[in-house]
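Below is my_file-v9.json, which holds JSON, N, CA and C atoms and all ligand atoms.
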```json
[["chain", "number", "residue", "atom", "x", "y", "z"],
["A", 97, "MET", "N", 14.36, 3.67, -2.42],
["A", 97, "MET", "CA", 14.66, 4.32, -1.12],
["A", 97, "MET", "C", 15.77, 5.36, -1.30],
["A", 98, "PRO", "N", 15.44, 6.60, -1.20],
["A", 98, "PRO", "CA", 16.45, 7.63, -1.46],
["A", 98, "PRO", "C", 17.54, 7.70, -0.40],
["A", 99, "PHE", "N", 17.33, 7.07, 0.74],
["A", 99, "PHE", "CA", 18.29, 7.24, 1.83],
["A", 99, "PHE", "C", 19.24, 6.06, 2.00],
["A", 100, "LEU", "N", 19.20, 5.16, 1.03],
["A", 100, "LEU", "CA", 20.10, 4.02, 1.11],
["A", 100, "LEU", "C", 21.54, 4.53, 1.03],
["A", 101, "SER", "N", 22.31, 4.29, 2.07],
["A", 101, "SER", "CA", 23.66, 4.84, 2.09],
["A", 101, "SER", "C", 24.71, 3.78, 1.84],
["A", 102, "SER", "N", 24.35, 2.53, 1.92],
["A", 102, "SER", "CA", 25.31, 1.49, 1.58],
["A", 102, "SER", "C", 24.53, 0.27, 1.13],
["A", 103, "THR", "N", 25.22, -0.60, 0.48],
["A", 103, "THR", "CA", 24.52, -1.77, -0.02],
["A", 103, "THR", "C", 24.98, -3.03, 0.69],
["A", 104, "SER", "N", 24.15, -4.01, 0.70],
["A", 104, "SER", "CA", 24.55, -5.32, 1.20],
["A", 104, "SER", "C", 23.94, -6.33, 0.24],
["A", 105, "SER", "N", 24.06, -7.59, 0.56],
["A", 105, "SER", "CA", 23.61, -8.63, -0.35],
["A", 105, "SER", "C", 22.11, -8.58, -0.64],
["A", 106, "VAL", "N", 21.34, -7.97, 0.24],
["A", 106, "VAL", "CA", 19.89, -7.95, 0.04],
["A", 106, "VAL", "C", 19.42, -6.69, -0.67],
["A", 107, "ALA", "N", 20.31, -5.73, -0.87],
["A", 107, "ALA", "CA", 19.88, -4.41, -1.32],
["A", 107, "ALA", "C", 19.19, -4.42, -2.68],
["A", 108, "GLU", "N", 19.56, -5.34, -3.57],
["A", 108, "GLU", "CA", 18.94, -5.37, -4.90],
["A", 108, "GLU", "C", 17.44, -5.69, -4.81],
["A", 109, "ASP", "N", 17.06, -6.37, -3.75],
["A", 109, "ASP", "CA", 15.67, -6.78, -3.61],
["A", 109, "ASP", "C", 14.86, -5.84, -2.73],
["A", 110, "TYR", "N", 15.42, -4.68, -2.43],
["A", 110, "TYR", "CA", 14.79, -3.90, -1.36],
["A", 110, "TYR", "C", 13.40, -3.41, -1.68],
["A", 111, "ASN", "N", 13.04, -3.35, -2.96],
["A", 111, "ASN", "CA", 11.68, -2.94, -3.29],
["A", 111, "ASN", "C", 10.62, -3.89, -2.75],
["A", 112, "GLU", "N", 11.01, -5.14, -2.61],
["A", 112, "GLU", "CA", 10.05, -6.13, -2.12],
["A", 112, "GLU", "C", 10.18, -6.34, -0.62],
["A", 113, "MET", "N", 11.02, -5.56, -0.01],
["A", 113, "MET", "CA", 11.32, -5.78, 1.40],
["A", 113, "MET", "C", 10.60, -4.79, 2.31],
["A", 114, "ASP", "N", 10.34, -5.25, 3.51],
["A", 114, "ASP", "CA", 9.95, -4.35, 4.58],
["A", 114, "ASP", "C", 11.18, -4.16, 5.45],
["A", 115, "PHE", "N", 11.28, -3.02, 6.03],
["A", 115, "PHE", "CA", 12.42, -2.79, 6.91],
["A", 115, "PHE", "C", 11.95, -2.50, 8.32],
["A", 116, "GLN", "N", 12.68, -3.09, 9.25],
["A", 116, "GLN", "CA", 12.37, -2.89, 10.63],
["A", 116, "GLN", "C", 13.56, -2.18, 11.28],
["A", 117, "PHE", "N", 13.28, -1.13, 12.00],
["A", 117, "PHE", "CA", 14.37, -0.40, 12.63],
["A", 117, "PHE", "C", 15.05, -1.26, 13.70],
["A", 118, "VAL", "N", 16.37, -1.29, 13.67],
["A", 118, "VAL", "CA", 17.11, -2.07, 14.66],
["A", 118, "VAL", "C", 17.82, -1.16, 15.65],
["A", 119, "GLN", "N", 18.70, -0.32, 15.14],
["A", 119, "GLN", "CA", 19.51, 0.48, 16.05],
["A", 119, "GLN", "C", 20.15, 1.65, 15.32],
["A", 120, "TYR", "N", 20.47, 2.66, 16.10],
["A", 120, "TYR", "CA", 21.17, 3.82, 15.60],
["A", 120, "TYR", "C", 22.62, 3.65, 16.07],
["A", 121, "VAL", "N", 23.53, 3.47, 15.13],
["A", 121, "VAL", "CA", 24.90, 3.10, 15.52],
["A", 121, "VAL", "C", 25.94, 4.02, 14.88],
["A", 122, "PRO", "N", 27.13, 4.11, 15.53],
["A", 122, "PRO", "CA", 28.22, 4.86, 14.90],
["A", 122, "PRO", "C", 28.54, 4.25, 13.55],
["A", 123, "ILE", "N", 28.80, 5.08, 12.57],
["A", 123, "ILE", "CA", 28.99, 4.61, 11.20],
["A", 123, "ILE", "C", 30.10, 3.56, 11.11],
["A", 124, "GLU", "N", 31.14, 3.71, 11.93],
["A", 124, "GLU", "CA", 32.25, 2.76, 11.85],
["A", 124, "GLU", "C", 31.90, 1.40, 12.46],
["A", 125, "ASP", "N", 30.83, 1.35, 13.25],
["A", 125, "ASP", "CA", 30.40, 0.08, 13.84],
["A", 125, "ASP", "C", 29.47, -0.70, 12.92],
["A", 126, "ALA", "N", 28.88, -0.02, 11.97],
["A", 126, "ALA", "CA", 27.87, -0.64, 11.10],
["A", 126, "ALA", "C", 28.38, -1.90, 10.39],
["A", 127, "PRO", "N", 29.60, -1.89, 9.81],
["A", 127, "PRO", "CA", 30.05, -3.09, 9.11],
["A", 127, "PRO", "C", 30.10, -4.33, 10.00],
["A", 128, "ALA", "N", 30.43, -4.13, 11.28],
["A", 128, "ALA", "CA", 30.49, -5.27, 12.20],
["A", 128, "ALA", "C", 29.11, -5.89, 12.42],
["A", 129, "TYR", "N", 28.09, -5.05, 12.48],
["A", 129, "TYR", "CA", 26.71, -5.54, 12.63],
["A", 129, "TYR", "C", 26.29, -6.31, 11.38],
["A", 130, "ILE", "N", 26.62, -5.75, 10.23],
["A", 130, "ILE", "CA", 26.20, -6.35, 8.96],
["A", 130, "ILE", "C", 26.93, -7.67, 8.73],
["A", 131, "LYS", "N", 28.16, -7.74, 9.24],
["A", 131, "LYS", "CA", 28.96, -8.95, 9.09],
["A", 131, "LYS", "C", 28.30, -10.15, 9.78],
["A", 132, "VAL", "N", 27.73, -9.91, 10.94],
["A", 132, "VAL", "CA", 27.08, -11.02, 11.67],
["A", 132, "VAL", "C", 25.65, -11.25, 11.24],
["A", 133, "ASN", "N", 25.04, -10.28, 10.56],
["A", 133, "ASN", "CA", 23.67, -10.45, 10.10],
["A", 133, "ASN", "C", 23.50, -9.75, 8.75],
["A", 134, "ASP", "N", 23.53, -10.54, 7.68],
["A", 134, "ASP", "CA", 23.51, -9.89, 6.37],
["A", 134, "ASP", "C", 22.11, -9.45, 5.93],
["A", 135, "ASN", "N", 21.13, -9.57, 6.81],
["A", 135, "ASN", "CA", 19.82, -8.96, 6.54],
["A", 135, "ASN", "C", 19.79, -7.49, 6.96],
["A", 136, "LEU", "N", 20.86, -7.04, 7.57],
["A", 136, "LEU", "CA", 20.90, -5.66, 8.02],
["A", 136, "LEU", "C", 21.38, -4.74, 6.91],
["A", 137, "VAL", "N", 20.75, -3.59, 6.81],
["A", 137, "VAL", "CA", 21.19, -2.57, 5.88],
["A", 137, "VAL", "C", 21.26, -1.24, 6.62],
["A", 138, "THR", "N", 22.10, -0.35, 6.13],
["A", 138, "THR", "CA", 22.21, 0.95, 6.79],
["A", 138, "THR", "C", 21.50, 2.01, 5.96],
["A", 139, "PHE", "N", 20.83, 2.91, 6.65],
["A", 139, "PHE", "CA", 20.18, 4.04, 6.01],
["A", 139, "PHE", "C", 20.66, 5.31, 6.67],
["A", 140, "ASP", "N", 20.91, 6.30, 5.84],
["A", 140, "ASP", "CA", 21.29, 7.61, 6.35],
["A", 140, "ASP", "C", 20.02, 8.46, 6.43],
["A", 141, "LEU", "N", 19.23, 8.21, 7.44],
["A", 141, "LEU", "CA", 17.93, 8.87, 7.57],
["A", 141, "LEU", "C", 18.05, 10.24, 8.22],
["A", 142, "PRO", "N", 17.29, 11.22, 7.71],
["A", 142, "PRO", "CA", 17.19, 12.47, 8.48],
["A", 142, "PRO", "C", 16.57, 12.14, 9.84],
["A", 143, "LEU", "N", 16.94, 12.87, 10.85],
["A", 143, "LEU", "CA", 16.47, 12.54, 12.20],
["A", 143, "LEU", "C", 14.96, 12.60, 12.34],
["A", 144, "THR", "N", 14.33, 13.48, 11.54],
["A", 144, "THR", "CA", 12.87, 13.56, 11.63],
["A", 144, "THR", "C", 12.23, 12.26, 11.13],
["A", 145, "ARG", "N", 12.87, 11.61, 10.15],
["A", 145, "ARG", "CA", 12.37, 10.32, 9.66],
["A", 145, "ARG", "C", 12.68, 9.23, 10.66],
["A", 146, "LEU", "N", 13.90, 9.26, 11.19],
["A", 146, "LEU", "CA", 14.29, 8.27, 12.18],
["A", 146, "LEU", "C", 13.37, 8.31, 13.40],
["A", 147, "ALA", "N", 12.96, 9.53, 13.76],
["A", 147, "ALA", "CA", 12.10, 9.73, 14.93],
["A", 147, "ALA", "C", 10.83, 8.89, 14.88],
["A", 148, "GLU", "N", 10.35, 8.62, 13.66],
["A", 148, "GLU", "CA", 9.12, 7.83, 13.50],
["A", 148, "GLU", "C", 9.28, 6.41, 14.05],
["A", 149, "PHE", "N", 10.54, 5.96, 14.15],
["A", 149, "PHE", "CA", 10.78, 4.59, 14.58],
["A", 149, "PHE", "C", 11.15, 4.46, 16.05],
["A", 150, "LEU", "N", 11.30, 5.60, 16.71],
["A", 150, "LEU", "CA", 11.83, 5.57, 18.07],
["A", 150, "LEU", "C", 10.77, 5.74, 19.13],
["A", 151, "SER", "N", 11.06, 5.21, 20.31],
["A", 151, "SER", "CA", 10.21, 5.45, 21.46],
["A", 151, "SER", "C", 10.56, 6.83, 22.03],
["A", 152, "CYS", "N", 9.74, 7.28, 22.96],
["A", 152, "CYS", "CA", 9.95, 8.58, 23.57],
["A", 152, "CYS", "C", 11.32, 8.64, 24.24],
["A", 153, "LYS", "N", 11.69, 7.57, 24.93],
["A", 153, "LYS", "CA", 12.97, 7.52, 25.63],
["A", 153, "LYS", "C", 14.13, 7.54, 24.65],
["A", 154, "GLU", "N", 14.00, 6.77, 23.57],
["A", 154, "GLU", "CA", 15.06, 6.74, 22.56],
["A", 154, "GLU", "C", 15.22, 8.11, 21.89],
["A", 155, "LEU", "N", 14.07, 8.75, 21.69],
["A", 155, "LEU", "CA", 14.10, 10.10, 21.10],
["A", 155, "LEU", "C", 14.82, 11.08, 22.01],
["A", 156, "SER", "N", 14.57, 10.97, 23.30],
["A", 156, "SER", "CA", 15.24, 11.84, 24.26],
["A", 156, "SER", "C", 16.75, 11.61, 24.23],
["A", 157, "ASN", "N", 17.14, 10.33, 24.17],
["A", 157, "ASN", "CA", 18.57, 10.00, 24.09],
["A", 157, "ASN", "C", 19.20, 10.59, 22.82],
["A", 158, "LEU", "N", 18.44, 10.47, 21.75],
["A", 158, "LEU", "CA", 18.91, 11.00, 20.47],
["A", 158, "LEU", "C", 19.10, 12.52, 20.57],
["A", 159, "ALA", "N", 18.16, 13.17, 21.23],
["A", 159, "ALA", "CA", 18.24, 14.62, 21.40],
["A", 159, "ALA", "C", 19.49, 15.01, 22.19],
["A", 160, "ILE", "N", 19.75, 14.26, 23.24],
["A", 160, "ILE", "CA", 20.93, 14.54, 24.08],
["A", 160, "ILE", "C", 22.20, 14.35, 23.25],
["A", 161, "MET", "N", 22.23, 13.26, 22.51],
["A", 161, "MET", "CA", 23.36, 12.93, 21.65],
["A", 161, "MET", "C", 23.68, 14.04, 20.66],
["A", 162, "HIS", "N", 22.62, 14.65, 20.15],
["A", 162, "HIS", "CA", 22.78, 15.68, 19.12],
["A", 162, "HIS", "C", 22.67, 17.08, 19.71],
["A", 163, "ARG", "N", 22.72, 17.16, 21.02],
["A", 163, "ARG", "CA", 22.67, 18.45, 21.73],
["A", 163, "ARG", "C", 21.44, 19.27, 21.32],
["A", 164, "VAL", "N", 20.34, 18.57, 21.15],
["A", 164, "VAL", "CA", 19.07, 19.25, 20.88],
["A", 164, "VAL", "C", 18.40, 19.46, 22.23],
["A", 165, "THR", "N", 18.00, 20.69, 22.50],
["A", 165, "THR", "CA", 17.41, 21.01, 23.81],
["A", 165, "THR", "C", 15.97, 20.50, 23.89],
["A", 166, "ILE", "N", 15.71, 19.70, 24.89],
["A", 166, "ILE", "CA", 14.35, 19.21, 25.10],
["A", 166, "ILE", "C", 13.93, 19.44, 26.55],
["A", 167, "ARG", "N", 12.64, 19.39, 26.76],
["A", 167, "ARG", "CA", 12.13, 19.48, 28.12],
["A", 167, "ARG", "C", 11.46, 18.17, 28.47],
["A", 168, "ARG", "N", 11.46, 17.87, 29.75],
["A", 168, "ARG", "CA", 10.94, 16.59, 30.20],
["A", 168, "ARG", "C", 9.49, 16.37, 29.79],
["A", 169, "LYS", "N", 8.73, 17.47, 29.73],
["A", 169, "LYS", "CA", 7.31, 17.30, 29.42],
["A", 169, "LYS", "C", 7.02, 17.24, 27.91],
["A", 170, "ASP", "N", 8.06, 17.41, 27.09],
["A", 170, "ASP", "CA", 7.84, 17.35, 25.65],
["A", 170, "ASP", "C", 7.30, 15.98, 25.23],
["A", 171, "ASN", "N", 6.24, 15.99, 24.44],
["A", 171, "ASN", "CA", 5.71, 14.72, 23.95],
["A", 171, "ASN", "C", 6.39, 14.34, 22.63],
["A", 172, "MET", "N", 6.03, 13.17, 22.12],
["A", 172, "MET", "CA", 6.65, 12.64, 20.91],
["A", 172, "MET", "C", 6.65, 13.65, 19.76],
["A", 173, "LYS", "N", 5.49, 14.26, 19.59],
["A", 173, "LYS", "CA", 5.33, 15.17, 18.46],
["A", 173, "LYS", "C", 6.28, 16.36, 18.59],
["A", 174, "VAL", "N", 6.34, 16.89, 19.79],
["A", 174, "VAL", "CA", 7.23, 18.03, 20.05],
["A", 174, "VAL", "C", 8.69, 17.60, 19.89],
["A", 175, "LEU", "N", 9.00, 16.44, 20.47],
["A", 175, "LEU", "CA", 10.37, 15.93, 20.39],
["A", 175, "LEU", "C", 10.82, 15.78, 18.94],
["A", 176, "SER", "N", 10.00, 15.11, 18.14],
["A", 176, "SER", "CA", 10.44, 14.86, 16.76],
["A", 176, "SER", "C", 10.51, 16.16, 15.96],
["A", 177, "SER", "N", 9.66, 17.13, 16.31],
["A", 177, "SER", "CA", 9.69, 18.40, 15.59],
["A", 177, "SER", "C", 10.98, 19.18, 15.89],
["A", 178, "LYS", "N", 11.63, 18.87, 17.01],
["A", 178, "LYS", "CA", 12.88, 19.55, 17.36],
["A", 178, "LYS", "C", 14.01, 19.18, 16.41],
["A", 179, "PHE", "N", 13.83, 18.08, 15.70],
["A", 179, "PHE", "CA", 14.88, 17.64, 14.78],
["A", 179, "PHE", "C", 14.67, 18.18, 13.36],
["A", 180, "GLU", "N", 13.60, 18.94, 13.19],
["A", 180, "GLU", "CA", 13.30, 19.53, 11.89],
["A", 180, "GLU", "C", 14.48, 20.39, 11.43],
["A", 181, "GLY", "N", 15.05, 20.04, 10.28],
["A", 181, "GLY", "CA", 16.16, 20.81, 9.72],
["A", 181, "GLY", "C", 17.45, 20.74, 10.52],
["A", 182, "HIS", "N", 17.48, 19.80, 11.48],
["A", 182, "HIS", "CA", 18.66, 19.69, 12.34],
["A", 182, "HIS", "C", 19.88, 19.17, 11.59],
["A", 183, "GLU", "N", 21.01, 19.74, 11.91],
["A", 183, "GLU", "CA", 22.30, 19.26, 11.40],
["A", 183, "GLU", "C", 23.34, 19.56, 12.45],
["A", 184, "CYS", "N", 24.23, 18.61, 12.70],
["A", 184, "CYS", "CA", 25.33, 18.89, 13.62],
["A", 184, "CYS", "C", 26.50, 17.98, 13.29],
["A", 185, "LYS", "N", 27.56, 18.11, 14.06],
["A", 185, "LYS", "CA", 28.76, 17.32, 13.79],
["A", 185, "LYS", "C", 28.57, 15.84, 14.05],
["A", 186, "VAL", "N", 27.58, 15.53, 14.89],
["A", 186, "VAL", "CA", 27.33, 14.13, 15.26],
["A", 186, "VAL", "C", 26.59, 13.40, 14.12],
["A", 187, "CYS", "N", 25.71, 14.14, 13.43],
["A", 187, "CYS", "CA", 24.84, 13.54, 12.40],
["A", 187, "CYS", "C", 25.58, 12.63, 11.41],
["A", 188, "PRO", "N", 26.64, 13.13, 10.75],
["A", 188, "PRO", "CA", 27.27, 12.26, 9.73],
["A", 188, "PRO", "C", 28.02, 11.07, 10.31],
["A", 189, "LYS", "N", 28.14, 11.03, 11.64],
["A", 189, "LYS", "CA", 28.90, 9.94, 12.27],
["A", 189, "LYS", "C", 28.05, 8.72, 12.60],
["A", 190, "TYR", "N", 26.74, 8.86, 12.40],
["A", 190, "TYR", "CA", 25.84, 7.77, 12.77],
["A", 190, "TYR", "C", 24.96, 7.36, 11.59],
["A", 191, "VAL", "N", 24.61, 6.09, 11.58],
["A", 191, "VAL", "CA", 23.66, 5.59, 10.59],
["A", 191, "VAL", "C", 22.60, 4.77, 11.30],
["A", 192, "SER", "N", 21.48, 4.58, 10.62],
["A", 192, "SER", "CA", 20.41, 3.77, 11.17],
["A", 192, "SER", "C", 20.49, 2.38, 10.56],
["A", 193, "LEU", "N", 20.48, 1.39, 11.43],
["A", 193, "LEU", "CA", 20.49, 0.01, 10.97],
["A", 193, "LEU", "C", 19.06, -0.49, 10.88],
["A", 194, "PHE", "N", 18.74, -1.08, 9.75],
["A", 194, "PHE", "CA", 17.42, -1.67, 9.56],
["A", 194, "PHE", "C", 17.57, -3.12, 9.17],
["A", 195, "MET", "N", 16.62, -3.92, 9.60],
["A", 195, "MET", "CA", 16.56, -5.33, 9.24],
["A", 195, "MET", "C", 15.61, -5.48, 8.08],
["A", 196, "ALA", "N", 16.10, -6.11, 7.02],
["A", 196, "ALA", "CA", 15.25, -6.36, 5.88],
["A", 196, "ALA", "C", 14.40, -7.61, 6.15],
["A", 197, "CYS", "N", 13.10, -7.47, 5.97],
["A", 197, "CYS", "CA", 12.20, -8.61, 6.14],
["A", 197, "CYS", "C", 11.45, -8.79, 4.84],
["A", 198, "ASN", "N", 11.07, -9.99, 4.53],
["A", 198, "ASN", "CA", 10.22, -10.19, 3.36],
["A", 198, "ASN", "C", 8.87, -9.56, 3.63],
["A", 199, "ALA", "N", 8.19, -9.17, 2.56],
["A", 199, "ALA", "CA", 6.91, -8.48, 2.69],
["A", 199, "ALA", "C", 5.89, -9.31, 3.48],
["A", 200, "ASP", "N", 6.01, -10.63, 3.43],
["A", 200, "ASP", "CA", 5.07, -11.46, 4.19],
["A", 200, "ASP", "C", 5.51, -11.68, 5.63],
["A", 201, "GLY", "N", 6.55, -10.98, 6.04],
["A", 201, "GLY", "CA", 6.91, -10.97, 7.45],
["A", 201, "GLY", "C", 7.88, -12.05, 7.88],
["A", 202, "ILE", "N", 8.42, -12.81, 6.92],
["A", 202, "ILE", "CA", 9.38, -13.87, 7.28],
["A", 202, "ILE", "C", 10.77, -13.27, 7.45],
["B", 301, "ZN", "ZN", 22.89, 15.95, 14.80]]
```
Give the structure from this file in structure tokens form.
Amino acid sequence: MPFLSSTSSVAEDYNEMDFQFVQYVPIEDAPAYIKVNDNLVTFDLPLTRLAEFLSCKELSNLAIMHRVTIRRKDNMKVLSSKFEGHECKVCPKYVSLFMACNADGI
């Protein structure tokens, strides 16, 4: 995984893991989440990749957060395309939290 930005106790096994998106959190909050659940790992995903995991509403919130201009009628595809090549001051302050699951879903 090229976007692994930090390691936790499960990171060595990540090739055999599936990851489930949990939350997009401020980078300074991430250790607190990982402390209570060591199956969590952080990824520094480009927003276009992150968009694949979000609902339309979450994507809209993300757009607002990053001052990306959207219109109410924009659909998922349009919304996620707005993050193409996006960079701003907010980007490096947030990471995506993922839950590591075994490949068989346990
Ligand atoms: Zn941004």
Which protein, DNA or RNA residues have an atom within 6 Å of ligand ZN 301 (chain B), counting only N, CA and C atoms and all ligand atoms, as number ranges by chain? A: 162, 182-187
As JSON, numbers by chain, please: every residue in chain A that DSSP puts in helix (DSSP H, G or I). {"A": [107, 108, 109, 110, 111, 112, 126, 127, 128, 129, 130, 131, 132, 143, 144, 145, 146, 147, 148, 149, 152, 153, 154, 155, 156, 157, 158, 159, 160, 161, 172, 173, 174, 175, 176, 177, 187, 188, 189]}
May I have the selected residues written with N, CA and C atoms, as an mmCIF file, in the frame of the given file?
```cif
data_model
loop_
_atom_site.group_PDB
_atom_site.id
_atom_site.type_symbol
_atom_site.label_atom_id
_atom_site.label_comp_id
_atom_site.auth_asym_id
_atom_site.auth_seq_id
_atom_site.Cartn_x
_atom_site.Cartn_y
_atom_site.Cartn_z
ATOM 1 N N ALA A 107 20.310 -5.730 -0.870
ATOM 2 C CA ALA A 107 19.880 -4.410 -1.320
ATOM 3 C C ALA A 107 19.190 -4.420 -2.680
ATOM 4 N N GLU A 108 19.560 -5.340 -3.570
ATOM 5 C CA GLU A 108 18.940 -5.370 -4.900
ATOM 6 C C GLU A 108 17.440 -5.690 -4.810
ATOM 7 N N ASP A 109 17.060 -6.370 -3.750
ATOM 8 C CA ASP A 109 15.670 -6.780 -3.610
ATOM 9 C C ASP A 109 14.860 -5.840 -2.730
ATOM 10 N N TYR A 110 15.420 -4.680 -2.430
ATOM 11 C CA TYR A 110 14.790 -3.900 -1.360
ATOM 12 C C TYR A 110 13.400 -3.410 -1.680
ATOM 13 N N ASN A 111 13.040 -3.350 -2.960
ATOM 14 C CA ASN A 111 11.680 -2.940 -3.290
ATOM 15 C C ASN A 111 10.620 -3.890 -2.750
ATOM 16 N N GLU A 112 11.010 -5.140 -2.610
ATOM 17 C CA GLU A 112 10.050 -6.130 -2.120
ATOM 18 C C GLU A 112 10.180 -6.340 -0.620
ATOM 19 N N ALA A 126 28.880 -0.020 11.970
ATOM 20 C CA ALA A 126 27.870 -0.640 11.100
ATOM 21 C C ALA A 126 28.380 -1.900 10.390
ATOM 22 N N PRO A 127 29.600 -1.890 9.810
ATOM 23 C CA PRO A 127 30.050 -3.090 9.110
ATOM 24 C C PRO A 127 30.100 -4.330 10.000
ATOM 25 N N ALA A 128 30.430 -4.130 11.280
ATOM 26 C CA ALA A 128 30.490 -5.270 12.200
ATOM 27 C C ALA A 128 29.110 -5.890 12.420
ATOM 28 N N TYR A 129 28.090 -5.050 12.480
ATOM 29 C CA TYR A 129 26.710 -5.540 12.630
ATOM 30 C C TYR A 129 26.290 -6.310 11.380
ATOM 31 N N ILE A 130 26.620 -5.750 10.230
ATOM 32 C CA ILE A 130 26.200 -6.350 8.960
ATOM 33 C C ILE A 130 26.930 -7.670 8.730
ATOM 34 N N LYS A 131 28.160 -7.740 9.240
ATOM 35 C CA LYS A 131 28.960 -8.950 9.090
ATOM 36 C C LYS A 131 28.300 -10.150 9.780
ATOM 37 N N VAL A 132 27.730 -9.910 10.940
ATOM 38 C CA VAL A 132 27.080 -11.020 11.670
ATOM 39 C C VAL A 132 25.650 -11.250 11.240
ATOM 40 N N LEU A 143 16.940 12.870 10.850
ATOM 41 C CA LEU A 143 16.470 12.540 12.200
ATOM 42 C C LEU A 143 14.960 12.600 12.340
ATOM 43 N N THR A 144 14.330 13.480 11.540
ATOM 44 C CA THR A 144 12.870 13.560 11.630
ATOM 45 C C THR A 144 12.230 12.260 11.130
ATOM 46 N N ARG A 145 12.870 11.610 10.150
ATOM 47 C CA ARG A 145 12.370 10.320 9.660
ATOM 48 C C ARG A 145 12.680 9.230 10.660
ATOM 49 N N LEU A 146 13.900 9.260 11.190
ATOM 50 C CA LEU A 146 14.290 8.270 12.180
ATOM 51 C C LEU A 146 13.370 8.310 13.400
ATOM 52 N N ALA A 147 12.960 9.530 13.760
ATOM 53 C CA ALA A 147 12.100 9.730 14.930
ATOM 54 C C ALA A 147 10.830 8.890 14.880
ATOM 55 N N GLU A 148 10.350 8.620 13.660
ATOM 56 C CA GLU A 148 9.120 7.830 13.500
ATOM 57 C C GLU A 148 9.280 6.410 14.050
ATOM 58 N N PHE A 149 10.540 5.960 14.150
ATOM 59 C CA PHE A 149 10.780 4.590 14.580
ATOM 60 C C PHE A 149 11.150 4.460 16.050
ATOM 61 N N CYS A 152 9.740 7.280 22.960
ATOM 62 C CA CYS A 152 9.950 8.580 23.570
ATOM 63 C C CYS A 152 11.320 8.640 24.240
ATOM 64 N N LYS A 153 11.690 7.570 24.930
ATOM 65 C CA LYS A 153 12.970 7.520 25.630
ATOM 66 C C LYS A 153 14.130 7.540 24.650
ATOM 67 N N GLU A 154 14.000 6.770 23.570
ATOM 68 C CA GLU A 154 15.060 6.740 22.560
ATOM 69 C C GLU A 154 15.220 8.110 21.890
ATOM 70 N N LEU A 155 14.070 8.750 21.690
ATOM 71 C CA LEU A 155 14.100 10.100 21.100
ATOM 72 C C LEU A 155 14.820 11.080 22.010
ATOM 73 N N SER A 156 14.570 10.970 23.300
ATOM 74 C CA SER A 156 15.240 11.840 24.260
ATOM 75 C C SER A 156 16.750 11.610 24.230
ATOM 76 N N ASN A 157 17.140 10.330 24.170
ATOM 77 C CA ASN A 157 18.570 10.000 24.090
ATOM 78 C C ASN A 157 19.200 10.590 22.820
ATOM 79 N N LEU A 158 18.440 10.470 21.750
ATOM 80 C CA LEU A 158 18.910 11.000 20.470
ATOM 81 C C LEU A 158 19.100 12.520 20.570
ATOM 82 N N ALA A 159 18.160 13.170 21.230
ATOM 83 C CA ALA A 159 18.240 14.620 21.400
ATOM 84 C C ALA A 159 19.490 15.010 22.190
ATOM 85 N N ILE A 160 19.750 14.260 23.240
ATOM 86 C CA ILE A 160 20.930 14.540 24.080
ATOM 87 C C ILE A 160 22.200 14.350 23.250
ATOM 88 N N MET A 161 22.230 13.260 22.510
ATOM 89 C CA MET A 161 23.360 12.930 21.650
ATOM 90 C C MET A 161 23.680 14.040 20.660
ATOM 91 N N MET A 172 6.030 13.170 22.120
ATOM 92 C CA MET A 172 6.650 12.640 20.910
ATOM 93 C C MET A 172 6.650 13.650 19.760
ATOM 94 N N LYS A 173 5.490 14.260 19.590
ATOM 95 C CA LYS A 173 5.330 15.170 18.460
ATOM 96 C C LYS A 173 6.280 16.360 18.590
ATOM 97 N N VAL A 174 6.340 16.890 19.790
ATOM 98 C CA VAL A 174 7.230 18.030 20.050
ATOM 99 C C VAL A 174 8.690 17.600 19.890
ATOM 100 N N LEU A 175 9.000 16.440 20.470
ATOM 101 C CA LEU A 175 10.370 15.930 20.390
ATOM 102 C C LEU A 175 10.820 15.780 18.940
ATOM 103 N N SER A 176 10.000 15.110 18.140
ATOM 104 C CA SER A 176 10.440 14.860 16.760
ATOM 105 C C SER A 176 10.510 16.160 15.960
ATOM 106 N N SER A 177 9.660 17.130 16.310
ATOM 107 C CA SER A 177 9.690 18.400 15.590
ATOM 108 C C SER A 177 10.980 19.180 15.890
ATOM 109 N N CYS A 187 25.710 14.140 13.430
ATOM 110 C CA CYS A 187 24.840 13.540 12.400
ATOM 111 C C CYS A 187 25.580 12.630 11.410
ATOM 112 N N PRO A 188 26.640 13.130 10.750
ATOM 113 C CA PRO A 188 27.270 12.260 9.730
ATOM 114 C C PRO A 188 28.020 11.070 10.310
ATOM 115 N N LYS A 189 28.140 11.030 11.640
ATOM 116 C CA LYS A 189 28.900 9.940 12.270
ATOM 117 C C LYS A 189 28.050 8.720 12.600
#
```
Counting all atoms listed in the file, which residue out of A:Asn133, A:Thr165, A:Thr138, A:Ser176 sits closest to Phe194 of chain A?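 Using all atoms listed in the file, Phe194 of chain A sits closest to A:Thr138.
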Looking at only C-alpha atoms, which of A:Phe149, A:Gln116, A:Lys189, A:Gly181 is the one that sits closest to Leu136 of chain A?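 Under the stated criterion, the closest residue is A:Gln116.
Of the listed residues A:Val118, A:Ile130, A:Lys173, A:Asp140, the one whose atoms come nearest to Ser156 of chain A is A:Lys173, with distances taken using only C-alpha atoms.
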With only C-alpha atoms counted, which protein, DNA or RNA residues have an atom no more than 7 Å from (19.2, 1.9, 10.4) in the file frame? Please answer as a list in words.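 Those residues lying close to the given coordinates are Phe117, Val118, Gln119, Tyr120, Val137, Thr138, Phe139, Val191, Ser192, Leu193 and Phe194 of chain A.
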Check chain A with DSSP on the backbone and list each residue it calls strand (DSSP E), as a list in words.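 Of chain A, only Met113, Asp114, Phe115, Gln116, Phe117, Val118, Gln119, Tyr120, Val121, Pro122, Leu136, Val137, Thr138, Phe139, Tyr190, Val191, Ser192, Leu193, Phe194, Met195, Ala196, Cys197 and Asn198 of chain A fall in strand (DSSP E).
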Have a look at A:Leu158, A:Leu143, A:Leu150, A:Ala126 and name the one nearest to Ser177 of chain A; count only C-alpha atoms.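 The answer is A:Leu143, which sits nearest to Ser177 of chain A.
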Atomic distance atom C of Pro188 of chain A - atom CA of Arg145 of chain A, expressed in Å with one decimal: 15.7 Å
